[in-house]
$ cat model-v1.txt   # compact mmCIF, C-alpha atoms and all ligand atoms
# COMPACT_ATOMS: atom_id res chain seq x y z
CA MET A 182 17.97 -21.54 -9.59
CA TYR A 183 14.86 -19.53 -8.74
CA ASN A 184 12.20 -18.46 -11.24
CA VAL A 185 10.59 -15.04 -10.92
CA LYS A 186 7.56 -13.97 -12.95
CA THR A 187 6.86 -10.26 -13.34
CA PHE A 188 3.50 -8.57 -13.93
CA ASN A 189 2.98 -4.91 -14.92
CA ALA A 190 5.85 -2.56 -15.75
CA ILE A 191 8.61 -3.33 -13.24
CA ALA A 192 11.48 -0.82 -13.38
CA GLN A 193 14.74 -2.10 -14.87
CA GLU A 194 16.62 -1.03 -11.72
CA GLY A 195 14.76 -3.77 -9.82
CA LEU A 196 15.25 -6.44 -12.48
CA ASP A 197 18.99 -5.65 -12.47
CA GLU A 198 19.13 -6.48 -8.74
CA PHE A 199 18.62 -10.21 -9.27
CA HIS A 200 21.88 -12.17 -9.20
CA ALA A 201 22.85 -15.18 -11.32
CA ASP A 202 20.72 -17.68 -9.36
CA TYR A 203 17.54 -16.01 -10.65
CA GLN A 204 15.73 -16.39 -13.96
CA LEU A 205 13.11 -13.86 -15.05
CA ASN A 206 11.57 -16.33 -17.43
CA GLN A 207 7.86 -15.63 -17.01
CA THR A 208 7.10 -19.27 -16.27
CA ASP A 209 3.75 -19.88 -14.58
CA ASP A 210 5.43 -22.29 -12.21
CA ALA A 211 7.42 -19.47 -10.62
CA ASP A 212 8.93 -19.35 -7.12
CA ALA A 213 7.95 -15.69 -6.83
CA PHE A 214 5.79 -13.07 -8.52
CA LEU A 215 6.93 -9.45 -8.68
CA ILE A 216 3.84 -7.33 -9.33
CA ARG A 217 2.22 -3.91 -9.15
CA SER A 218 -1.52 -3.39 -9.61
CA VAL A 219 -2.46 -6.60 -11.46
CA ASP A 220 -5.64 -8.07 -9.97
CA LEU A 221 -4.83 -11.56 -8.66
CA HIS A 222 -8.33 -12.30 -7.36
CA GLY A 223 -9.45 -15.47 -9.12
CA TYR A 224 -5.88 -16.26 -10.20
CA ASP A 225 -4.93 -19.91 -9.89
CA PHE A 226 -1.80 -19.75 -7.70
CA PRO A 227 0.82 -22.35 -8.69
CA LYS A 228 1.65 -24.72 -5.82
CA ASN A 229 5.34 -23.79 -6.17
CA LEU A 230 4.65 -20.08 -5.57
CA LYS A 231 6.48 -19.13 -2.37
CA ALA A 232 6.25 -15.34 -2.49
CA ILE A 233 4.35 -12.48 -4.07
CA VAL A 234 5.91 -9.06 -3.76
CA ARG A 235 3.79 -6.01 -4.54
CA CYS A 236 6.10 -3.16 -5.59
CA GLY A 237 4.11 -0.39 -3.93
CA ALA A 238 1.80 0.04 -0.96
CA GLY A 239 -1.75 -1.18 -1.61
CA PHE A 240 -2.25 -4.95 -1.64
CA ASN A 241 -6.03 -5.11 -2.07
CA ASN A 242 -5.36 -6.66 -5.50
CA ILE A 243 -4.11 -9.86 -3.81
CA PRO A 244 -6.41 -12.40 -2.10
CA LEU A 245 -4.41 -12.88 1.11
CA ASP A 246 -6.46 -15.82 2.39
CA VAL A 247 -5.93 -17.75 -0.87
CA ALA A 248 -2.21 -16.95 -0.82
CA THR A 249 -1.89 -18.10 2.79
CA GLU A 250 -3.75 -21.33 2.10
CA ASN A 251 -1.29 -21.92 -0.76
CA GLY A 252 1.68 -21.32 1.58
CA THR A 253 2.59 -18.11 -0.25
CA ALA A 254 4.06 -15.18 1.67
CA VAL A 255 2.85 -11.77 0.44
CA PHE A 256 4.95 -8.62 0.81
CA ASN A 257 4.74 -4.95 -0.17
CA THR A 258 7.38 -2.22 -0.31
CA PRO A 259 6.27 0.32 2.30
CA GLY A 260 7.13 3.94 1.60
CA SER A 261 8.68 3.27 -1.82
CA ASN A 262 6.23 5.54 -3.65
CA ALA A 263 4.99 7.73 -0.77
CA ASN A 264 6.87 10.84 -1.86
CA ALA A 265 5.44 10.56 -5.37
CA VAL A 266 1.89 10.43 -4.00
CA LYS A 267 2.59 13.34 -1.66
CA GLU A 268 3.79 15.54 -4.53
CA LEU A 269 0.69 14.72 -6.57
CA VAL A 270 -1.58 15.53 -3.61
CA VAL A 271 0.19 18.87 -3.10
CA ALA A 272 -0.37 19.61 -6.80
CA MET A 273 -4.06 18.72 -6.41
CA LEU A 274 -4.47 20.99 -3.36
CA ILE A 275 -3.09 23.88 -5.39
CA ILE A 276 -5.04 23.02 -8.56
CA ALA A 277 -8.26 22.87 -6.53
CA SER A 278 -7.69 26.10 -4.62
CA ARG A 279 -6.69 28.15 -7.69
CA ASN A 280 -9.14 26.63 -10.19
CA LEU A 281 -6.12 25.79 -12.34
CA PHE A 282 -7.72 23.10 -14.43
CA SER A 283 -10.65 25.20 -15.70
CA ALA A 284 -8.42 28.30 -15.92
CA ALA A 285 -5.97 26.47 -18.20
CA GLN A 286 -8.83 25.10 -20.32
CA TYR A 287 -10.24 28.64 -20.67
CA ALA A 288 -6.85 30.04 -21.68
CA ALA A 289 -6.30 27.25 -24.25
CA GLN A 290 -9.64 28.04 -25.91
CA ASN A 291 -9.29 31.84 -25.71
CA SER A 292 -8.10 33.07 -29.11
CA GLY A 293 -8.43 36.09 -31.41
CA ALA A 294 -6.99 39.60 -31.60
CA ASP A 295 -8.69 40.82 -28.40
CA ILE A 296 -7.30 37.95 -26.30
CA SER A 297 -5.61 40.23 -23.75
CA THR A 298 -8.61 42.50 -23.28
CA ARG A 299 -10.92 39.53 -22.87
CA THR A 300 -8.56 37.79 -20.45
CA GLU A 301 -8.39 40.82 -18.17
CA ARG A 302 -12.17 41.23 -18.29
CA GLU A 303 -13.06 37.58 -17.69
CA LYS A 304 -10.31 36.27 -15.42
CA THR A 305 -12.15 37.06 -12.20
CA GLN A 306 -14.22 33.89 -12.67
CA PHE A 307 -11.04 31.96 -11.79
CA ASN A 308 -10.29 33.81 -8.56
CA GLY A 309 -9.01 31.35 -6.00
CA THR A 310 -8.24 31.00 -2.34
CA GLU A 311 -4.90 30.48 -0.63
CA LEU A 312 -3.97 27.32 1.22
CA THR A 313 -2.18 29.17 3.99
CA GLY A 314 -4.39 29.33 7.07
CA LYS A 315 -6.80 26.68 5.79
CA THR A 316 -7.34 23.33 7.54
CA LEU A 317 -6.48 19.97 5.98
CA ALA A 318 -7.75 16.73 7.50
CA VAL A 319 -5.48 13.78 6.73
CA ILE A 320 -7.25 10.44 7.13
CA GLY A 321 -4.61 7.72 7.61
CA VAL A 322 -1.24 9.14 8.65
CA GLY A 323 1.09 6.38 7.43
CA HIS A 324 3.86 6.74 4.85
CA VAL A 325 1.85 8.93 2.46
CA GLY A 326 -0.33 10.71 5.03
CA ALA A 327 2.63 11.78 7.19
CA ARG A 328 4.39 13.27 4.16
CA VAL A 329 1.22 15.08 3.08
CA ALA A 330 0.86 16.46 6.63
CA THR A 331 4.46 17.73 6.56
CA ALA A 332 4.10 19.36 3.14
CA ALA A 333 0.76 20.97 4.01
CA GLY A 334 2.27 22.34 7.22
CA ALA A 335 5.11 23.87 5.19
CA LEU A 336 2.47 25.59 3.02
CA GLY A 337 1.03 27.18 6.16
CA MET A 338 -2.00 24.92 6.51
CA HIS A 339 -3.38 23.70 9.83
CA VAL A 340 -3.30 19.90 9.73
CA ILE A 341 -5.46 17.50 11.70
CA GLY A 342 -4.73 13.76 11.42
CA TYR A 343 -6.95 10.76 12.12
CA ASP A 344 -5.41 7.28 12.39
CA PRO A 345 -6.55 4.94 15.17
CA TYR A 346 -4.09 2.21 14.08
CA LEU A 347 -0.97 4.33 13.70
CA SER A 348 2.23 2.35 14.29
CA ALA A 349 4.82 3.77 16.71
CA ASN A 350 7.34 3.80 13.87
CA ASP A 351 5.08 5.86 11.60
CA ALA A 352 4.26 8.26 14.44
CA TRP A 353 7.92 9.42 14.39
CA HIS A 354 7.36 10.91 10.94
CA ILE A 355 4.38 13.09 11.77
CA PRO A 356 5.17 16.76 12.42
CA THR A 357 4.42 17.84 15.99
CA THR A 358 2.21 20.62 14.63
CA THR A 359 -0.27 18.02 13.35
CA LYS A 360 -3.29 17.94 15.64
CA ARG A 361 -4.51 14.48 16.56
CA ALA A 362 -8.19 13.73 16.05
CA ALA A 363 -9.67 11.08 18.34
CA THR A 364 -12.51 10.37 15.93
CA LEU A 365 -13.16 10.68 12.22
CA GLU A 366 -15.88 13.22 13.01
CA GLU A 367 -13.42 15.43 14.91
CA ALA A 368 -11.12 15.43 11.86
CA LEU A 369 -13.89 16.29 9.41
CA VAL A 370 -15.95 18.99 11.13
CA ASN A 371 -13.57 21.90 10.61
CA ALA A 372 -11.78 20.78 7.45
CA ASP A 373 -11.52 22.94 4.35
CA TYR A 374 -9.72 20.06 2.63
CA VAL A 375 -9.93 16.31 3.38
CA SER A 376 -7.33 13.91 1.99
CA VAL A 377 -7.73 10.15 2.38
CA HIS A 378 -4.65 7.89 2.77
CA VAL A 379 -5.91 4.60 4.22
CA PRO A 380 -5.60 1.11 2.70
CA LYS A 381 -8.71 -0.31 1.05
CA ASN A 382 -10.25 -3.11 3.10
CA SER A 383 -13.65 -4.09 4.47
CA GLU A 384 -13.43 -1.40 7.18
CA THR A 385 -12.47 1.45 4.86
CA THR A 386 -14.80 0.68 1.95
CA ASN A 387 -17.20 3.64 1.72
CA MET A 388 -15.60 5.13 4.84
CA ILE A 389 -16.35 8.55 3.35
CA SER A 390 -20.04 8.50 2.43
CA THR A 391 -23.14 10.70 2.88
CA LYS A 392 -22.89 10.93 6.69
CA GLU A 393 -19.18 11.81 6.69
CA ILE A 394 -19.51 14.35 3.87
CA ALA A 395 -22.39 16.00 5.75
CA LEU A 396 -20.01 16.52 8.70
CA MET A 397 -17.63 18.55 6.52
CA PRO A 398 -18.25 22.31 6.25
CA LYS A 399 -19.93 23.58 3.07
CA GLY A 400 -17.30 24.19 0.39
CA THR A 401 -14.87 21.44 1.42
CA VAL A 402 -12.55 19.94 -1.20
CA LEU A 403 -12.23 16.14 -0.97
CA LEU A 404 -9.14 14.30 -2.26
CA ASN A 405 -8.81 10.54 -2.72
CA PHE A 406 -5.43 9.31 -3.91
CA ALA A 407 -5.72 6.05 -1.93
CA ARG A 408 -8.22 3.76 -3.71
CA GLY A 409 -11.53 3.80 -5.51
CA GLY A 410 -14.33 2.63 -3.24
CA ILE A 411 -12.95 4.20 -0.03
CA VAL A 412 -15.00 7.25 -0.99
CA ASP A 413 -18.59 6.58 -2.02
CA ASN A 414 -18.93 8.15 -5.48
CA HIS A 415 -22.72 8.43 -5.31
CA ALA A 416 -22.50 10.39 -2.07
CA VAL A 417 -19.86 12.64 -3.67
CA VAL A 418 -22.03 13.36 -6.72
CA GLU A 419 -25.01 14.22 -4.50
CA ALA A 420 -22.90 16.53 -2.33
CA LEU A 421 -21.37 18.25 -5.39
CA ASP A 422 -24.82 18.71 -6.95
CA ALA A 423 -26.11 20.19 -3.68
CA GLY A 424 -23.11 22.57 -3.54
CA HIS A 425 -21.99 21.10 -0.23
CA LEU A 426 -18.68 19.75 -1.58
CA LYS A 427 -16.71 22.20 -3.71
CA ARG A 428 -14.56 19.71 -5.61
CA TYR A 429 -13.51 16.08 -5.73
CA MET A 430 -9.95 15.28 -6.81
CA THR A 431 -9.10 11.61 -7.29
CA ASP A 432 -6.73 9.11 -8.90
CA PHE A 433 -9.54 6.61 -9.45
CA GLY A 434 -12.00 7.26 -12.28
CA GLU A 435 -15.37 5.55 -12.37
CA PRO A 436 -18.25 6.35 -14.75
CA GLU A 437 -20.44 8.18 -12.22
CA ILE A 438 -17.85 10.90 -11.53
CA LEU A 439 -16.50 11.51 -15.04
CA ASN A 440 -17.14 14.58 -17.22
CA ARG A 441 -17.91 17.02 -14.40
CA LYS A 442 -16.33 20.44 -13.99
CA ASP A 443 -16.09 19.98 -10.23
CA VAL A 444 -14.28 16.61 -10.41
CA LEU A 445 -10.68 16.13 -11.49
CA VAL A 446 -9.64 12.56 -12.21
CA THR A 447 -6.10 11.37 -12.85
CA PRO A 448 -5.47 7.85 -14.21
CA HIS A 449 -3.96 6.14 -11.10
CA ILE A 450 -0.60 7.89 -11.45
CA GLY A 451 0.12 8.55 -7.76
CA GLY A 452 3.12 6.21 -7.76
CA SER A 453 4.07 6.71 -11.39
CA THR A 454 7.40 8.52 -11.17
CA LEU A 455 10.79 7.20 -12.27
CA GLN A 456 12.03 7.39 -8.68
CA ALA A 457 9.05 5.65 -7.08
CA GLU A 458 9.02 2.87 -9.67
CA ALA A 459 12.74 2.29 -9.21
CA ASN A 460 12.45 2.34 -5.38
CA GLY A 461 9.59 -0.17 -5.41
CA ALA A 462 11.27 -2.51 -7.90
CA VAL A 463 14.63 -2.53 -6.08
CA GLN A 464 12.97 -3.01 -2.68
CA GLY A 465 10.75 -5.72 -4.18
CA ALA A 466 13.63 -7.64 -5.75
CA ASP A 467 15.62 -7.49 -2.50
CA THR A 468 12.58 -8.74 -0.57
CA ILE A 469 12.24 -11.75 -2.89
CA MET A 470 15.93 -12.67 -2.65
CA THR A 471 16.02 -12.32 1.15
CA PHE A 472 12.94 -14.46 1.59
CA LEU A 473 13.86 -17.17 -0.89
CA GLU A 474 17.47 -17.47 0.29
CA THR A 475 17.13 -17.02 4.06
CA GLY A 476 13.43 -17.47 4.84
CA ASN A 477 13.58 -14.22 6.84
CA VAL A 478 10.38 -12.20 6.71
CA MET A 479 10.13 -8.39 6.64
CA HIS A 480 7.27 -6.26 5.36
CA SER A 481 4.95 -9.18 4.84
CA VAL A 482 1.24 -8.51 4.87
CA ASN A 483 0.14 -12.06 5.71
CA LEU A 484 3.07 -13.41 7.78
CA PRO A 485 4.60 -12.13 11.03
CA SER A 486 8.00 -10.44 10.80
CA LEU A 487 10.76 -12.90 11.70
CA GLU A 488 14.44 -12.30 11.08
CA VAL A 489 17.01 -14.77 12.42
CA PRO A 490 20.72 -14.88 11.47
CA PHE A 491 21.25 -18.04 9.37
CA VAL A 492 23.69 -19.71 11.80
CA GLY A 493 23.39 -23.40 10.96
CA LYS A 494 24.17 -25.28 7.77
CA TYR A 495 20.53 -26.10 7.17
CA ARG A 496 17.34 -24.19 7.78
CA LEU A 497 13.75 -25.36 7.84
CA THR A 498 11.05 -22.72 7.48
CA ILE A 499 7.51 -23.71 8.29
CA MET A 500 4.42 -21.62 7.58
CA HIS A 501 1.48 -22.96 9.58
CA GLN A 502 -1.75 -22.14 11.34
CA ASN A 503 -1.53 -20.26 14.62
CA ILE A 504 -3.05 -22.98 16.82
CA PRO A 505 -1.90 -24.78 20.00
CA ASN A 506 0.80 -27.46 19.94
CA MET A 507 2.28 -26.68 16.51
CA VAL A 508 5.75 -25.93 17.89
CA GLY A 509 5.51 -29.04 20.10
CA GLN A 510 4.54 -31.27 17.17
CA ILE A 511 7.33 -29.86 14.99
CA ALA A 512 9.99 -30.28 17.72
CA THR A 513 8.85 -33.84 18.48
CA LEU A 514 8.96 -34.80 14.82
CA LEU A 515 12.45 -33.33 14.42
CA ALA A 516 13.70 -35.10 17.57
CA GLY A 517 12.38 -38.37 16.14
CA ALA A 518 14.41 -37.75 12.96
CA ASP A 519 17.62 -37.04 14.95
CA VAL A 520 17.66 -33.36 14.02
CA ASN A 521 19.60 -31.38 16.62
CA ILE A 522 18.02 -27.92 16.76
CA GLU A 523 20.64 -25.11 16.98
CA SER A 524 18.05 -22.38 17.00
CA MET A 525 14.29 -22.26 16.75
CA SER A 526 12.12 -19.15 16.46
CA ASN A 527 8.39 -18.78 16.06
CA ALA A 528 6.16 -15.78 15.53
CA ALA A 529 2.45 -15.39 14.93
CA ARG A 530 0.17 -12.90 13.25
CA ASP A 531 -3.58 -13.37 13.46
CA LYS A 532 -4.33 -16.87 12.18
CA VAL A 533 -0.88 -17.51 10.68
CA ALA A 534 2.40 -18.49 12.35
CA TYR A 535 5.89 -19.01 11.02
CA SER A 536 8.83 -20.99 12.41
CA ILE A 537 12.51 -20.93 11.51
CA ILE A 538 14.69 -23.84 12.66
CA ASP A 539 18.46 -24.02 12.12
CA THR A 540 20.55 -27.17 12.44
CA ASN A 541 24.06 -28.33 11.58
CA ASN A 542 23.51 -32.04 11.29
CA GLU A 543 22.63 -34.01 8.17
CA PHE A 544 19.24 -35.73 8.21
CA ASP A 545 16.91 -37.41 5.76
CA PHE A 546 15.84 -34.12 4.16
CA ASP A 547 13.05 -35.40 1.90
CA ASP A 548 11.51 -37.61 4.57
CA VAL A 549 11.45 -34.85 7.22
CA VAL A 550 10.01 -32.25 4.84
CA GLU A 551 7.35 -34.71 3.73
CA LYS A 552 6.37 -35.56 7.31
CA LEU A 553 6.23 -31.91 8.36
CA GLU A 554 4.09 -31.09 5.33
CA ALA A 555 1.76 -33.93 6.27
CA ILE A 556 0.81 -32.13 9.51
CA ASP A 557 -2.71 -30.87 8.90
CA ALA A 558 -2.19 -27.24 9.88
CA VAL A 559 1.07 -26.77 7.93
CA TYR A 560 0.86 -24.62 4.78
CA ARG A 561 4.43 -24.92 3.50
CA VAL A 562 7.81 -26.29 4.54
CA ARG A 563 11.07 -25.18 2.93
CA LEU A 564 14.55 -26.60 3.38
CA LEU A 565 17.37 -24.10 2.80
CA LYS A 566 21.04 -25.07 2.59
CA LYS A 567 23.87 -22.60 3.10
N1 LIG B 601 -2.52 6.52 -6.04
C1 LIG B 601 -1.50 5.71 -5.97
O1 LIG B 601 -0.84 5.40 -6.97
C2 LIG B 601 -1.08 5.16 -4.64
C3 LIG B 601 -2.04 4.85 -3.71
N2 LIG B 601 -1.66 4.37 -2.47
C4 LIG B 601 -2.74 4.01 -1.55
O2 LIG B 601 -2.55 4.74 -0.35
C5 LIG B 601 -2.68 3.85 0.75
C6 LIG B 601 -1.79 4.33 1.88
O3 LIG B 601 -0.44 4.19 1.50
P1 LIG B 601 0.72 4.30 2.58
O4 LIG B 601 0.58 5.57 3.34
O5 LIG B 601 2.00 4.03 1.90
O6 LIG B 601 0.33 3.09 3.53
P2 LIG B 601 0.63 2.94 5.10
O7 LIG B 601 0.29 1.54 5.44
O8 LIG B 601 1.99 3.46 5.40
O9 LIG B 601 -0.42 3.94 5.78
C7 LIG B 601 -1.79 3.67 5.90
C8 LIG B 601 -2.26 4.25 7.22
O10 LIG B 601 -3.68 4.14 7.28
C9 LIG B 601 -4.01 3.85 8.62
N3 LIG B 601 -5.35 3.27 8.69
C10 LIG B 601 -5.75 2.00 8.43
N4 LIG B 601 -7.08 1.86 8.59
C11 LIG B 601 -7.53 3.08 8.98
C12 LIG B 601 -8.81 3.58 9.33
N5 LIG B 601 -9.89 2.79 9.29
N6 LIG B 601 -8.91 4.88 9.68
C13 LIG B 601 -7.83 5.69 9.72
N7 LIG B 601 -6.59 5.27 9.43
C14 LIG B 601 -6.43 3.99 9.05
C15 LIG B 601 -2.93 2.88 9.08
O11 LIG B 601 -2.84 2.83 10.50
C16 LIG B 601 -1.70 3.50 8.45
O12 LIG B 601 -1.03 4.40 9.31
C17 LIG B 601 -2.28 2.48 0.20
O13 LIG B 601 -2.89 1.42 0.93
C18 LIG B 601 -2.77 2.52 -1.22
O14 LIG B 601 -4.08 2.04 -1.32
C19 LIG B 601 -0.35 4.24 -2.11
C20 LIG B 601 0.64 4.51 -3.01
C21 LIG B 601 0.36 4.94 -4.39
O1 LIG B 602 1.38 1.47 -4.37
C1 LIG B 602 0.16 1.59 -4.56
O2 LIG B 602 -0.70 1.30 -3.71
C2 LIG B 602 -0.34 2.08 -5.85
O3 LIG B 602 -1.52 2.31 -6.00
C3 LIG B 602 0.62 2.25 -6.99
O4 LIG B 602 0.12 1.47 -8.03
P1 LIG B 602 1.03 1.15 -9.30
O5 LIG B 602 2.17 0.30 -8.83
O6 LIG B 602 1.50 2.48 -9.82
O7 LIG B 602 0.14 0.45 -10.25
$ encode --input "model-v1.txt" --output "structure tokens"
Amino acid sequence: MYNVKTFNAIAQEGLDEFHADYQLNQTDDADAFLIRSVDLHGYDFPKNLKAIVRCGAGFNNIPLDVATENGTAVFNTPGSNANAVKELVVAMLIIASRNLFSAAQYAAQNSGADISTRTEREKTQFNGTELTGKTLAVIGVGHVGARVATAAGALGMHVIGYDPYLSANDAWHIPTTTKRAATLEEALVNADYVSVHVPKNSETTNMISTKEIALMPKGTVLLNFARGGIVDNHAVVEALDAGHLKRYMTDFGEPEILNRKDVLVTPHIGGSTLQAEANGAVQGADTIMTFLETGNVMHSVNLPSLEVPFVGKYRLTIMHQNIPNMVGQIATLLAGADVNIESMSNAARDKVAYSIIDTNNEFDFDDVVEKLEAIDAVYRVRLLKK
């Protein structure tokens, strides 16, 4: 029996995925956490915690180094909410270009018998511009960015994308009409609209600040539906005050940008649709079950991908440091315990490596697991039985 603890609102569709071997009993000593945006920095990870699955894309709420040290694999559910974010960004492009927010506020407050006369006289203050023919710079062309690029292209916009780390798989989803910028500067200099879709990390914190905003033409609209802190709010306020930026549209409210006519803040609702929440929860539940039952790793953000058909009766999975002689030490120890290896696979990602070993013969399970765990650079050993 496996214990799963959930944090945040996880869609029922995902909870229904778990079969009878799983208990959703909220115990702290869980085998896996299923989470959304809860901040796990400073959280005391239980030793038994084998997996954390973030239903959604951004995993900056999870301290990966602490999780790794604890032997905990961390996963996300790539693409599960990308369409929801894309639709919100399209809405924001239109709201910004047609002054919809202030126009609706004006209309709501406009009352009295002469309402029609006044409307016709005063409506010119809300005159807008059309998106067709304008240029959108998309910064980060992954699951969300590629969809935004496609939708903007369909609206007749010119799209320029910047993403120096684009995966080959993601590149398949970018429309061929999207121009590729070699540098951030190249993407920004001709943009009427700039939309940011990168993960938040040490490289992307304040990636759009005074210098980058100065590169944009006067009157640019900036959109940030990725994370607070990727765009420097103080630089935005200065540029809005100077009339250099026209508007800032964001999902991440912070005191310095609130209560301004030229800023529209939504309360982190990019992924908050029934479909996105269900997608993320189902994908998340499946990820937990696959990992706990087979040890196979897909969509992890701290472990390498490693998928091996479970051919033997028994499987050892070993999460360890990526340093010389680990595989040699493991194989020698198993040989000494009379374990006949049917299949052994190893993969590495940065400082972490992961091994899957299948065997058909019985051995002293507890003793072998204990000895493997005693190797200094080993984070966690699991024994799985078919
Ligand atoms: N507002 C909301 O509710 C939501 C926000 N997000 C945010 O959007 C981000 C992107 O989501 P996805 O597109 O699904 O992730 P993704 O991982 O598919 O795409 C991110 C892209 O950014 C690129 N990238 C990374 N560092 C970069 C850099 N320094 N410069 C340019 N490109 C860079 C990567 O190569 C990748 O192609 C998430 O990390 C999350 O923070 C995602 C979903 C919902
Ligand atoms: O997937 C993401 O990165 C998001 O920001 C969505 O957050 P949420 O799950 O809606 O709290």
$ residues_near_ligand --input "model-v1.txt" --ligand "ligand LIG 601 (chain B)" --cutoff "8 Å" --atoms "all atoms listed in the file" --output "PyMOL selection string"
chain A and resi 237-241+259-263+265-266+320-327+343-348+351+365+377-381+384-385+388+406-408+432-433+449-453
$ axis_aligned_box --input "model-v1.txt" --around "ligand LIG 602 (chain B)" --padding-each-side "3 Å" --output "lines of an AutoDock Vina configuration file"
center_x = 0.3
center_y = 1.4
center_z = -7.0
size_x = 9.7
size_y = 8.2
size_z = 12.5
$ closest_residue --input "model-v1.txt" --among "A:Arg328, A:Lys231, A:Lys304, A:His354" --to "Ile499 in chain A" --atoms "all atoms listed in the file"
A:Lys231
$ residues_around --input "model-v1.txt" --residues "Gln510 in chain A" --least-positions-apart "3" --cutoff "12 Å" --atoms "only C-alpha atoms" --output "list in words"
His501, Ile504, Pro505, Asn506, Met507, Thr513, Leu514, Leu515, Ala516, Gly517, Lys552, Leu553, Glu554, Ala555, Ile556, Asp557, Ala558 and Val559 of chain A
$ write_last_selection --input "model-v1.txt" --atoms "C-alpha atoms" --output "CSV table (one decimal), keeping the file's coordinate frame"
chain,number,residue,atom,x,y,z
A,501,HIS,CA,1.5,-23.0,9.6
A,504,ILE,CA,-3.0,-23.0,16.8
A,505,PRO,CA,-1.9,-24.8,20.0
A,506,ASN,CA,0.8,-27.5,19.9
A,507,MET,CA,2.3,-26.7,16.5
A,513,THR,CA,8.8,-33.8,18.5
A,514,LEU,CA,9.0,-34.8,14.8
A,515,LEU,CA,12.4,-33.3,14.4
A,516,ALA,CA,13.7,-35.1,17.6
A,517,GLY,CA,12.4,-38.4,16.1
A,552,LYS,CA,6.4,-35.6,7.3
A,553,LEU,CA,6.2,-31.9,8.4
A,554,GLU,CA,4.1,-31.1,5.3
A,555,ALA,CA,1.8,-33.9,6.3
A,556,ILE,CA,0.8,-32.1,9.5
A,557,ASP,CA,-2.7,-30.9,8.9
A,558,ALA,CA,-2.2,-27.2,9.9
A,559,VAL,CA,1.1,-26.8,7.9
$ residues_near_point --input "model-v1.txt" --point "(-18.1, 13.5, -15.6)" --cutoff "12 Å" --atoms "all atoms listed in the file" --output "PyMOL selection string"
chain A and resi 414+418+421+429+434-446
$ atom_distance --input "model-v1.txt" --atom1 "CA of Ala420 in chain A" --atom2 "CA of Ala372 in chain A"
15.4 Å
$ closest_residue --input "model-v1.txt" --among "A:Lys494, A:His480, A:Lys532, A:Lys267" --to "Cys236 in chain A" --atoms "only C-alpha atoms"
A:His480
$ closest_residue --input "model-v1.txt" --among "A:Ala462, A:Ala512, A:Val533, A:Ile522" --to "ligand LIG 602 (chain B)" --atoms "only C-alpha atoms and all ligand atoms"
A:Ala462
$ closest_residue --input "model-v1.txt" --among "A:Gln204, A:Gln286, A:Ser278, A:Asn189" --to "ligand LIG 602 (chain B)" --atoms "only C-alpha atoms and all ligand atoms"
A:Asn189
$ atom_distance --input "model-v1.txt" --atom1 "CA of Ala529 in chain A" --atom2 "CA of Asn483 in chain A"
10.1 Å
$ closest_residue --input "model-v1.txt" --among "A:Val492, A:Val271, A:Ala459, A:Ala289" --to "ligand LIG 602 (chain B)" --atoms "only C-alpha atoms and all ligand atoms"
A:Ala459
$ atom_distance --input "model-v1.txt" --atom1 "CA of Ala190 in chain A" --atom2 "CA of Tyr203 in chain A"
18.5 Å
$ closest_residue --input "model-v1.txt" --among "A:Thr313, A:Asn291, A:Asn460, A:Thr357" --to "ligand LIG 602 (chain B)" --atoms "only C-alpha atoms and all ligand atoms"
A:Asn460
$ residues_around --input "model-v1.txt" --residues "Ile389 in chain A" --least-positions-apart "5" --cutoff "8 Å" --atoms "all atoms listed in the file" --output "VMD selection string"
chain A and resid 394 411 to 413
$ residues_around --input "model-v1.txt" --residues "Arg361 in chain A" --least-positions-apart "6" --cutoff "10 Å" --atoms "only C-alpha atoms" --output "list of chain:residue names"
A:Ala318, A:Val319, A:Val340, A:Ile341, A:Gly342, A:Tyr343, A:Asp344, A:Pro345, A:Glu367, A:Ala368
$ residues_near_point --input "model-v1.txt" --point "(-5.9, -19.4, -4.1)" --cutoff "6 Å" --atoms "only C-alpha atoms" --output "PyMOL selection string"
chain A and resi 225-226+247-248
$ residues_around --input "model-v1.txt" --residues "range 538-549 of chain A" --least-positions-apart "5" --cutoff "7 Å" --atoms "all atoms listed in the file" --output "ChimeraX atom specification"
/A:492-498,520-526
$ write_last_selection --input "model-v1.txt" --atoms "C-alpha atoms" --output "PDB file, in the frame of the given file"
ATOM      1  CA  VAL A 492      23.690 -19.710  11.800  1.00  0.00           C
ATOM      2  CA  GLY A 493      23.390 -23.400  10.960  1.00  0.00           C
ATOM      3  CA  LYS A 494      24.170 -25.280   7.770  1.00  0.00           C
ATOM      4  CA  TYR A 495      20.530 -26.100   7.170  1.00  0.00           C
ATOM      5  CA  ARG A 496      17.340 -24.190   7.780  1.00  0.00           C
ATOM      6  CA  LEU A 497      13.750 -25.360   7.840  1.00  0.00           C
ATOM      7  CA  THR A 498      11.050 -22.720   7.480  1.00  0.00           C
ATOM      8  CA  VAL A 520      17.660 -33.360  14.020  1.00  0.00           C
ATOM      9  CA  ASN A 521      19.600 -31.380  16.620  1.00  0.00           C
ATOM     10  CA  ILE A 522      18.020 -27.920  16.760  1.00  0.00           C
ATOM     11  CA  GLU A 523      20.640 -25.110  16.980  1.00  0.00           C
ATOM     12  CA  SER A 524      18.050 -22.380  17.000  1.00  0.00           C
ATOM     13  CA  MET A 525      14.290 -22.260  16.750  1.00  0.00           C
ATOM     14  CA  SER A 526      12.120 -19.150  16.460  1.00  0.00           C
TER      15      SER A 526
END
$ decode --input "model-v1.txt" --residues "range 208-213 of chain A" --atoms "C-alpha atoms" --output "CSV table (one decimal), in the first residue's frame"
chain,number,residue,atom,x,y,z
A,208,THR,CA,-0.2,11.3,6.3
A,209,ASP,CA,3.1,13.3,6.7
A,210,ASP,CA,5.0,10.1,6.2
A,211,ALA,CA,3.8,9.8,2.6
A,212,ASP,CA,5.5,7.9,-0.3
A,213,ALA,CA,4.5,10.7,-2.6
